[in-house]
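File shown: data_26.txt. Contents: compact mmCIF, C-alpha atoms.
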```
# COMPACT_ATOMS: atom_id res chain seq x y z
CA MET A 1 -24.63 15.69 -11.41
CA GLU A 2 -26.97 18.66 -11.32
CA SER A 3 -27.44 18.11 -7.57
CA PHE A 4 -23.67 18.06 -7.04
CA ARG A 5 -23.23 21.27 -9.01
CA LEU A 6 -25.91 22.88 -6.86
CA TYR A 7 -24.17 21.55 -3.74
CA TRP A 8 -20.84 23.15 -4.67
CA LYS A 9 -22.63 26.39 -5.50
CA MET A 10 -24.31 26.43 -2.06
CA VAL A 11 -21.00 25.58 -0.37
CA SER A 12 -19.24 28.41 -2.18
CA ILE A 13 -21.94 30.79 -0.92
CA LYS A 14 -21.37 29.53 2.63
CA ILE A 15 -17.62 30.04 2.30
CA ARG A 16 -18.05 33.61 1.01
CA GLU A 17 -20.48 34.25 3.86
CA GLN A 18 -17.95 33.05 6.45
CA MET A 19 -15.13 35.01 4.81
CA GLU A 20 -17.15 38.23 4.94
CA TYR A 21 -15.69 38.86 8.39
CA LYS A 22 -12.15 37.67 7.80
CA MET A 23 -10.74 38.37 11.26
CA SER A 24 -13.61 36.47 12.89
CA PHE A 25 -12.91 33.52 10.59
CA ILE A 26 -9.19 33.63 11.39
CA TYR A 27 -9.80 33.81 15.15
CA MET A 28 -12.20 30.87 15.09
CA THR A 29 -9.86 28.81 12.90
CA VAL A 30 -6.89 29.51 15.18
CA GLY A 31 -9.12 28.73 18.16
CA HIS A 32 -9.92 25.27 16.79
CA PHE A 33 -6.21 24.72 16.17
CA LEU A 34 -5.20 25.74 19.71
CA ILE A 35 -7.97 23.82 21.52
CA THR A 36 -6.96 20.52 19.95
CA PHE A 37 -3.27 21.35 20.28
CA ILE A 38 -3.73 21.78 24.04
CA GLU A 39 -5.27 18.30 24.09
CA PHE A 40 -2.16 16.94 22.43
CA MET A 41 0.04 18.70 24.99
CA GLY A 42 -1.83 16.77 27.68
CA MET A 43 -0.98 13.56 25.82
CA TYR A 44 2.64 14.73 25.54
CA ALA A 45 2.80 15.29 29.31
CA LEU A 46 1.42 11.78 29.87
CA PHE A 47 4.21 10.22 27.83
CA LEU A 48 6.84 12.33 29.59
CA ARG A 49 5.76 10.54 32.77
CA PHE A 50 5.22 6.99 31.49
CA ASP A 51 7.42 6.90 28.34
CA GLN A 52 5.14 4.36 26.60
CA ILE A 53 1.69 2.76 26.85
CA ARG A 54 1.41 -0.98 26.18
CA GLY A 55 4.47 -0.83 23.94
CA TRP A 56 3.32 2.24 21.95
CA SER A 57 5.61 5.29 21.92
CA LEU A 58 4.62 8.95 21.79
CA TYR A 59 5.51 9.25 18.09
CA GLU A 60 3.36 6.24 17.22
CA VAL A 61 0.39 7.51 19.21
CA ALA A 62 0.85 10.94 17.57
CA VAL A 63 0.12 9.30 14.21
CA PHE A 64 -3.17 7.90 15.57
CA TYR A 65 -3.99 11.25 17.14
CA GLY A 66 -3.33 13.25 13.98
CA PHE A 67 -5.24 10.84 11.74
CA ILE A 68 -8.41 10.67 13.80
CA ASN A 69 -8.53 14.44 14.40
CA GLY A 70 -8.00 15.11 10.71
CA THR A 71 -10.81 12.80 9.62
CA PHE A 72 -13.18 14.14 12.27
CA ALA A 73 -12.42 17.75 11.29
CA VAL A 74 -13.33 17.10 7.65
CA ALA A 75 -16.47 15.17 8.61
CA GLU A 76 -17.54 17.94 10.96
CA CYS A 77 -16.86 20.55 8.28
CA ILE A 78 -19.06 18.93 5.62
CA GLY A 79 -21.51 17.10 7.90
CA ARG A 80 -22.29 19.80 10.45
CA GLY A 81 -25.79 20.08 8.99
CA TYR A 82 -26.58 16.61 10.33
CA ASP A 83 -25.00 17.41 13.69
CA VAL A 84 -27.47 20.25 14.28
CA PHE A 85 -30.35 18.66 12.36
CA ASP A 86 -32.58 18.54 15.46
CA ARG A 87 -33.10 22.33 15.10
CA HIS A 88 -34.84 21.81 11.76
CA VAL A 89 -37.11 19.15 13.25
CA LYS A 90 -38.09 21.38 16.18
CA LYS A 91 -38.75 24.43 14.00
CA GLY A 92 -40.38 22.52 11.17
CA SER A 93 -37.87 24.02 8.71
CA PHE A 94 -37.11 20.54 7.43
CA ASP A 95 -40.24 21.03 5.32
CA ARG A 96 -38.24 23.31 3.03
CA PHE A 97 -35.73 20.55 2.29
CA LEU A 98 -38.52 18.13 1.45
CA LEU A 99 -40.15 20.55 -0.97
CA ARG A 100 -37.00 21.11 -3.01
CA PRO A 101 -36.45 18.67 -5.91
CA ARG A 102 -32.89 17.85 -4.87
CA ALA A 103 -31.18 15.15 -2.80
CA LEU A 104 -31.86 15.64 0.92
CA SER A 105 -28.34 14.65 1.96
CA LEU A 106 -26.67 17.30 -0.22
CA GLN A 107 -29.10 19.98 0.97
CA ILE A 108 -28.48 19.21 4.63
CA MET A 109 -24.69 19.04 4.29
CA SER A 110 -24.51 22.34 2.42
CA SER A 111 -26.73 24.10 4.97
CA GLU A 112 -24.02 24.23 7.67
CA PHE A 113 -20.68 23.98 5.86
CA GLN A 114 -18.00 25.25 8.29
CA MET A 115 -14.59 26.18 6.90
CA MET A 116 -13.22 27.08 10.34
CA ARG A 117 -12.82 23.35 11.08
CA ILE A 118 -9.70 23.56 8.93
CA GLY A 119 -7.90 24.63 12.11
CA ARG A 120 -8.40 21.20 13.66
CA PHE A 121 -7.51 19.50 10.37
CA VAL A 122 -4.21 21.38 10.05
CA GLN A 123 -3.36 20.63 13.67
CA GLY A 124 -4.02 16.92 13.15
CA LEU A 125 -1.95 16.92 9.96
CA PHE A 126 0.90 18.69 11.76
CA VAL A 127 0.94 16.23 14.67
CA MET A 128 0.73 13.24 12.34
CA GLY A 129 3.63 14.55 10.26
CA TRP A 130 5.62 15.16 13.43
CA GLY A 131 4.97 11.60 14.57
CA LEU A 132 6.02 10.06 11.24
CA HIS A 133 9.15 12.22 11.19
CA GLY A 134 10.02 11.15 14.73
CA LEU A 135 9.68 7.51 13.69
CA GLY A 136 11.90 8.14 10.68
CA HIS A 137 9.17 6.72 8.45
CA GLN A 138 9.47 7.54 4.76
CA LEU A 139 6.12 7.34 3.01
CA GLY A 140 6.12 5.12 -0.06
CA LEU A 141 3.46 4.95 -2.75
CA MET A 142 1.57 2.17 -0.95
CA ASP A 143 1.65 4.15 2.30
CA ILE A 144 0.17 7.21 0.59
CA VAL A 145 -2.55 5.08 -1.01
CA LEU A 146 -3.35 3.55 2.40
CA LEU A 147 -3.49 6.99 4.04
CA VAL A 148 -5.81 8.52 1.43
CA TYR A 149 -8.04 5.44 1.31
CA SER A 150 -8.35 5.10 5.10
CA PHE A 151 -8.88 8.86 5.42
CA ILE A 152 -11.90 8.68 3.10
CA CYS A 153 -13.25 5.70 5.04
CA GLY A 154 -12.71 7.55 8.34
CA VAL A 155 -14.60 10.61 7.13
CA SER A 156 -17.38 8.30 5.89
CA PHE A 157 -17.64 6.70 9.33
CA PHE A 158 -18.04 10.01 11.16
CA LEU A 159 -20.57 11.21 8.59
CA GLY A 160 -22.53 8.01 9.15
CA LEU A 161 -22.45 8.61 12.89
CA MET A 162 -23.78 12.16 12.48
CA ILE A 163 -26.52 10.95 10.13
CA ILE A 164 -27.66 8.34 12.66
CA GLN A 165 -27.69 11.05 15.33
CA ALA A 166 -29.87 13.21 13.05
CA THR A 167 -32.17 10.26 12.37
CA LEU A 168 -32.90 9.84 16.08
CA SER A 169 -34.23 13.42 16.10
CA PHE A 170 -37.34 12.25 14.22
CA TRP A 171 -38.40 10.38 17.38
CA SER A 172 -36.71 12.30 20.18
CA VAL A 173 -36.93 15.85 18.67
CA GLU A 174 -33.82 16.70 20.66
CA SER A 175 -30.42 15.42 19.52
CA LEU A 176 -29.53 12.64 21.96
CA GLU A 177 -26.49 13.45 24.07
CA ILE A 178 -25.64 9.76 24.22
CA MET A 179 -24.47 10.04 20.60
CA ASN A 180 -21.71 12.39 21.72
CA ALA A 181 -20.21 9.40 23.53
CA PHE A 182 -19.56 7.92 20.09
CA THR A 183 -18.65 11.11 18.20
CA TYR A 184 -16.57 13.34 20.47
CA GLY A 185 -15.99 10.49 22.90
CA GLY A 186 -15.04 8.25 20.01
CA VAL A 187 -12.43 10.75 18.86
CA GLN A 188 -10.88 10.71 22.33
CA THR A 189 -10.89 6.91 22.30
CA ALA A 190 -9.30 6.53 18.87
CA GLN A 191 -6.49 8.95 19.67
CA TYR A 192 -4.79 5.93 21.24
CA PRO A 193 -4.25 2.46 19.70
CA ILE A 194 -7.37 0.49 20.48
CA ASP A 195 -5.43 -2.57 21.65
CA ILE A 196 -4.64 -0.80 24.94
CA TYR A 197 -8.30 -1.23 26.00
CA ARG A 198 -10.12 -4.28 27.35
CA ASP A 199 -11.40 -6.91 24.92
CA TRP A 200 -15.14 -6.13 25.32
CA PHE A 201 -14.44 -2.45 24.70
CA LYS A 202 -12.35 -3.21 21.62
CA LYS A 203 -15.06 -5.39 20.12
CA ILE A 204 -17.65 -2.60 20.45
CA PHE A 205 -15.43 -0.11 18.63
CA ILE A 206 -14.39 -2.57 15.93
CA TYR A 207 -17.58 -4.44 15.05
CA VAL A 208 -20.51 -2.38 16.41
CA ILE A 209 -19.23 1.18 16.09
CA PRO A 210 -16.33 0.55 13.68
CA LEU A 211 -14.15 3.42 14.84
CA GLY A 212 -11.20 1.12 15.50
CA SER A 213 -11.62 -0.43 12.06
CA VAL A 214 -11.09 2.89 10.27
CA SER A 215 -8.22 4.09 12.47
CA TYR A 216 -6.36 1.33 14.32
CA PHE A 217 -5.83 -1.23 11.54
CA PRO A 218 -4.66 1.13 8.78
CA MET A 219 -2.45 3.16 11.12
CA ARG A 220 -0.91 -0.02 12.56
CA ALA A 221 -0.25 -1.23 9.02
CA LEU A 222 1.39 2.12 8.26
CA ILE A 223 3.54 2.29 11.40
CA LYS A 224 4.51 -1.31 12.07
CA GLN A 225 4.10 -2.70 8.54
CA ASP A 226 1.97 -5.61 9.75
CA TYR A 227 -1.75 -6.42 9.49
CA ILE A 228 -1.49 -5.15 5.91
CA ALA A 229 -4.60 -7.02 4.67
CA SER A 230 -6.64 -5.81 7.66
CA GLY A 231 -5.29 -2.31 7.12
CA PHE A 232 -6.94 -2.22 3.70
CA LEU A 233 -10.06 -4.29 4.38
CA MET A 234 -11.28 -3.13 7.80
CA PRO A 235 -11.67 0.59 6.90
CA LEU A 236 -14.39 -0.42 4.43
CA LEU A 237 -16.67 -0.79 7.46
CA GLY A 238 -16.63 3.01 7.65
CA VAL A 239 -18.21 3.24 4.19
CA VAL A 240 -20.70 0.51 5.14
CA PHE A 241 -21.57 2.50 8.26
CA LEU A 242 -22.27 5.58 6.11
CA VAL A 243 -24.56 3.60 3.80
CA VAL A 244 -26.44 2.21 6.81
CA GLY A 245 -26.80 5.74 8.18
CA LEU A 246 -28.23 7.04 4.90
CA PHE A 247 -30.77 4.21 4.73
CA ALA A 248 -31.71 4.82 8.38
CA PHE A 249 -32.24 8.52 7.68
CA ARG A 250 -34.42 7.73 4.67
CA PHE A 251 -36.48 5.45 6.89
CA GLY A 252 -36.72 8.13 9.58
CA THR A 253 -38.13 10.75 7.20
CA ARG A 254 -41.31 8.66 6.97
CA TYR A 255 -42.03 9.56 10.58
CA TYR A 256 -41.52 13.30 10.19
CA CYS A 257 -44.76 15.14 10.96
CA SER A 258 -43.64 18.79 10.86
CA THR A 259 -44.47 21.01 13.86
CA GLY A 260 -48.18 21.61 13.33
CA SER A 261 -47.61 25.30 14.13
```
Target format structure tokens, applied to this file:
Amino acid sequence: MESFRLYWKMVSIKIREQMEYKMSFIYMTVGHFLITFIEFMGMYALFLRFDQIRGWSLYEVAVFYGFINGTFAVAECIGRGYDVFDRHVKKGSFDRFLLRPRALSLQIMSSEFQMMRIGRFVQGLFVMGWGLHGLGHQLGLMDIVLLVYSFICGVSFFLGLMIIQATLSFWSVESLEIMNAFTYGGVQTAQYPIDIYRDWFKKIFIYVIPLGSVSYFPMRALIKQDYIASGFLMPLLGVVFLVVGLFAFRFGTRYYCSTGS
């Protein structure tokens, strides 16, 4: 509990630091909102031309889009420290984290807390709400529970992905660009229902990199009211993925040798 109190104290310092220049913070937040909104406008133009994709309408896909962008925005906000962890390995500044008698994960996450990611989160929430309204879907208690639960699992998955990316830095020094195929590329993939892709591709993103497990199954259960059991069970793979990432990172720290400079 002492580590968590310290974490929130460090996060509050980061927030005050970012709010020191309020207009800069506002511009960057609005920028994140507009960049992702332009992406959605591209999706909107696609559906104006083709009306539907494999039986999925624009409103239904908007729910997937909003959910995955919202979860990624939160994960990027609190897990940015892992995303840029390779800098600490190159500079040898990871030594400072090791010397402090606090949990490494909380130290790393609090080192790069970015409030401006709220722009992407709000945009995702807006698009998701628009999609549900267009479908005429009234959220019941079970729907809200499913949304909150799957959202936590989705954030856990992306955090796990960033932690694995950071772990690879112990051997490669540089953050491997191939991981962006599963982070930023994964976000692009999960903006659409995963059943529109080929079977081999679906299996990779359900069982190996469980992105489809934390987005497709719960959102399908929410929209179409089927696959209810899978909608609640499959997102747990996101939490499992986070646990695996934390164990991998702990293993990777054994190979850290500082810079020698």
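Nearest to Phe33 (chain A) of all the residues A:Phe121, A:Phe151, A:Phe158, A:Phe201 is A:Phe121, based on all atoms listed in the file.
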*Residues within 12 Å of (-14.4, -3.1, 4.2), counting all atoms listed in the file, listed as a PyMOL selection string*: chain A and resi 149-150+153-154+156-157+206-207+210+213-214+217-218+229-242
*Within 8 Å of Phe64 (chain A), counting all atoms listed in the file, which residues show up once you throw out same-chain ones fewer than 6 positions away? Write them as a PyMOL selection string, please.*
chain A and resi 128+190-193+215-216+219
*Restricting the calculation to only C-alpha atoms, which member of A:Phe97, A:Phe205, A:Trp8, A:Tyr65 is positioned closest to Phe37 (chain A)?*
A:Tyr65
*Hey, what's within 7 Å of region 129-137 of chain A if we count all atoms listed in the file and toss same-chain stuff fewer than 2 positions away? As a list in words, please?*
Tyr59, Glu60, Ala62, Val63, Leu125, Phe126, Val127 and Leu139 of chain A
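Atom to atom, CA of Leu161 (chain A) and CA of Ile178 (chain A) stand 11.8 Å apart.
Closest to His88 (chain A) among A:Ile108, A:Ile204, A:Leu48, A:Ala103 is A:Ile108, based on only C-alpha atoms.
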*Identify the residues around (-13.2, 23.0, 8.9) within a radius of 12 Å, measuring from only C-alpha atoms in the coordinates stated by the file, and give them as a PyMOL selection string.*
chain A and resi 15+18+25-26+28-33+69-80+112-124
*Residue neighbourhood Val244 (chain A), 9 Å, all atoms listed in the file, exclusion window fewer than 5 positions, as a ChimeraX atom specification*: /A:160,164,239,249
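You can rank A:Ala166, A:Ile228, A:Met10, A:Leu222 by their closest distance to Phe251 (chain A) using all atoms listed in the file, and at the top of that list sits A:Ala166.
Between CA of Val84 (chain A) and CA of Met179 (chain A) there is a distance of 12.4 Å.
Here CA of Gly186 (chain A) stands at a distance of 23.6 Å from CA of Trp171 (chain A).
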*Check the smallest atom-to-atom distance from each of A:Ser258, A:Ser105, A:Ser169, A:Thr183 to Val243 (chain A) using only C-alpha atoms, then report the winner.*
A:Ser105
*Name the residues in contact with Arg54 (chain A) at a cut-off of 10 Å, using only C-alpha atoms, excluding same-chain residues fewer than 4 positions from it; report them as a list in words.*
Pro193, Asp195, Ile196 and Tyr197 of chain A
_Spatial neighbours of Arg102 (chain A), max dist 10 Å, only C-alpha atoms, sep filter under 6 positions, as a ChimeraX atom specification_ = /A:2-4,6-7
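Each of A:Tyr21, A:Tyr82, A:Phe67, A:Tyr256 was checked against Leu147 (chain A) using all atoms listed in the file; the smallest atom-to-atom distance is that of A:Phe67.
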Using the incomplete input, complete region 116-151 of chain A to the level of N, CA and C atoms; output as a CSV table (one decimal), keeping the file's coordinate frame.
```csv
chain,number,residue,atom,x,y,z
A,116,MET,N,-14.1,26.9,9.2
A,116,MET,CA,-13.2,27.1,10.3
A,116,MET,C,-12.7,25.8,10.9
A,117,ARG,N,-13.3,24.6,10.6
A,117,ARG,CA,-12.8,23.4,11.1
A,117,ARG,C,-11.5,23.0,10.5
A,118,ILE,N,-11.0,23.8,9.5
A,118,ILE,CA,-9.7,23.6,8.9
A,118,ILE,C,-8.6,23.7,10.0
A,119,GLY,N,-8.9,24.5,11.0
A,119,GLY,CA,-7.9,24.6,12.1
A,119,GLY,C,-7.6,23.3,12.8
A,120,ARG,N,-8.6,22.5,13.1
A,120,ARG,CA,-8.4,21.2,13.7
A,120,ARG,C,-7.7,20.3,12.7
A,121,PHE,N,-8.1,20.4,11.4
A,121,PHE,CA,-7.5,19.5,10.4
A,121,PHE,C,-6.0,19.8,10.2
A,122,VAL,N,-5.6,21.0,10.2
A,122,VAL,CA,-4.2,21.4,10.0
A,122,VAL,C,-3.4,20.9,11.3
A,123,GLN,N,-4.0,21.1,12.5
A,123,GLN,CA,-3.4,20.6,13.7
A,123,GLN,C,-3.1,19.1,13.7
A,124,GLY,N,-4.2,18.4,13.2
A,124,GLY,CA,-4.0,16.9,13.2
A,124,GLY,C,-3.0,16.5,12.1
A,125,LEU,N,-2.9,17.2,11.0
A,125,LEU,CA,-2.0,16.9,10.0
A,125,LEU,C,-0.5,17.2,10.5
A,126,PHE,N,-0.4,18.3,11.2
A,126,PHE,CA,0.9,18.7,11.8
A,126,PHE,C,1.4,17.7,12.8
A,127,VAL,N,0.5,17.2,13.7
A,127,VAL,CA,0.9,16.2,14.7
A,127,VAL,C,1.3,14.9,14.0
A,128,MET,N,0.5,14.5,13.0
A,128,MET,CA,0.7,13.2,12.3
A,128,MET,C,2.1,13.3,11.6
A,129,GLY,N,2.3,14.4,10.9
A,129,GLY,CA,3.6,14.6,10.3
A,129,GLY,C,4.8,14.5,11.2
A,130,TRP,N,4.6,15.1,12.4
A,130,TRP,CA,5.6,15.2,13.4
A,130,TRP,C,5.9,13.7,13.9
A,131,GLY,N,4.8,13.0,14.1
A,131,GLY,CA,5.0,11.6,14.6
A,131,GLY,C,5.7,10.7,13.6
A,132,LEU,N,5.3,10.8,12.3
A,132,LEU,CA,6.0,10.1,11.2
A,132,LEU,C,7.5,10.5,11.1
A,133,HIS,N,7.8,11.8,11.2
A,133,HIS,CA,9.2,12.2,11.2
A,133,HIS,C,10.0,11.7,12.4
A,134,GLY,N,9.3,11.7,13.6
A,134,GLY,CA,10.0,11.2,14.7
A,134,GLY,C,10.3,9.7,14.6
A,135,LEU,N,9.5,8.9,13.9
A,135,LEU,CA,9.7,7.5,13.7
A,135,LEU,C,10.7,7.2,12.6
A,136,GLY,N,11.0,8.3,11.8
A,136,GLY,CA,11.9,8.1,10.7
A,136,GLY,C,11.3,7.4,9.5
A,137,HIS,N,9.9,7.5,9.5
A,137,HIS,CA,9.2,6.7,8.4
A,137,HIS,C,9.1,7.5,7.2
A,138,GLN,N,9.6,6.9,6.1
A,138,GLN,CA,9.5,7.5,4.8
A,138,GLN,C,8.3,6.9,4.0
A,139,LEU,N,7.3,7.8,3.6
A,139,LEU,CA,6.1,7.3,3.0
A,139,LEU,C,6.4,6.9,1.6
A,140,GLY,N,6.1,5.6,1.3
A,140,GLY,CA,6.1,5.1,-0.1
A,140,GLY,C,4.8,5.3,-0.7
A,141,LEU,N,4.7,4.8,-2.0
A,141,LEU,CA,3.5,5.0,-2.8
A,141,LEU,C,2.3,4.2,-2.1
A,142,MET,N,2.6,3.0,-1.6
A,142,MET,CA,1.6,2.2,-1.0
A,142,MET,C,1.1,2.8,0.3
A,143,ASP,N,2.0,3.5,1.1
A,143,ASP,CA,1.6,4.2,2.3
A,143,ASP,C,0.7,5.3,2.0
A,144,ILE,N,1.0,6.1,1.0
A,144,ILE,CA,0.2,7.2,0.6
A,144,ILE,C,-1.2,6.7,0.2
A,145,VAL,N,-1.3,5.6,-0.6
A,145,VAL,CA,-2.6,5.1,-1.0
A,145,VAL,C,-3.4,4.7,0.2
A,146,LEU,N,-2.7,4.0,1.2
A,146,LEU,CA,-3.4,3.6,2.4
A,146,LEU,C,-3.9,4.7,3.2
A,147,LEU,N,-3.1,5.8,3.3
A,147,LEU,CA,-3.5,7.0,4.0
A,147,LEU,C,-4.7,7.6,3.4
A,148,VAL,N,-4.7,7.9,2.1
A,148,VAL,CA,-5.8,8.5,1.4
A,148,VAL,C,-7.1,7.7,1.5
A,149,TYR,N,-6.9,6.4,1.3
A,149,TYR,CA,-8.0,5.4,1.3
A,149,TYR,C,-8.7,5.4,2.7
A,150,SER,N,-7.8,5.2,3.7
A,150,SER,CA,-8.4,5.1,5.1
A,150,SER,C,-8.9,6.4,5.6
A,151,PHE,N,-8.4,7.5,5.1
A,151,PHE,CA,-8.9,8.9,5.4
A,151,PHE,C,-10.3,9.0,4.9
```
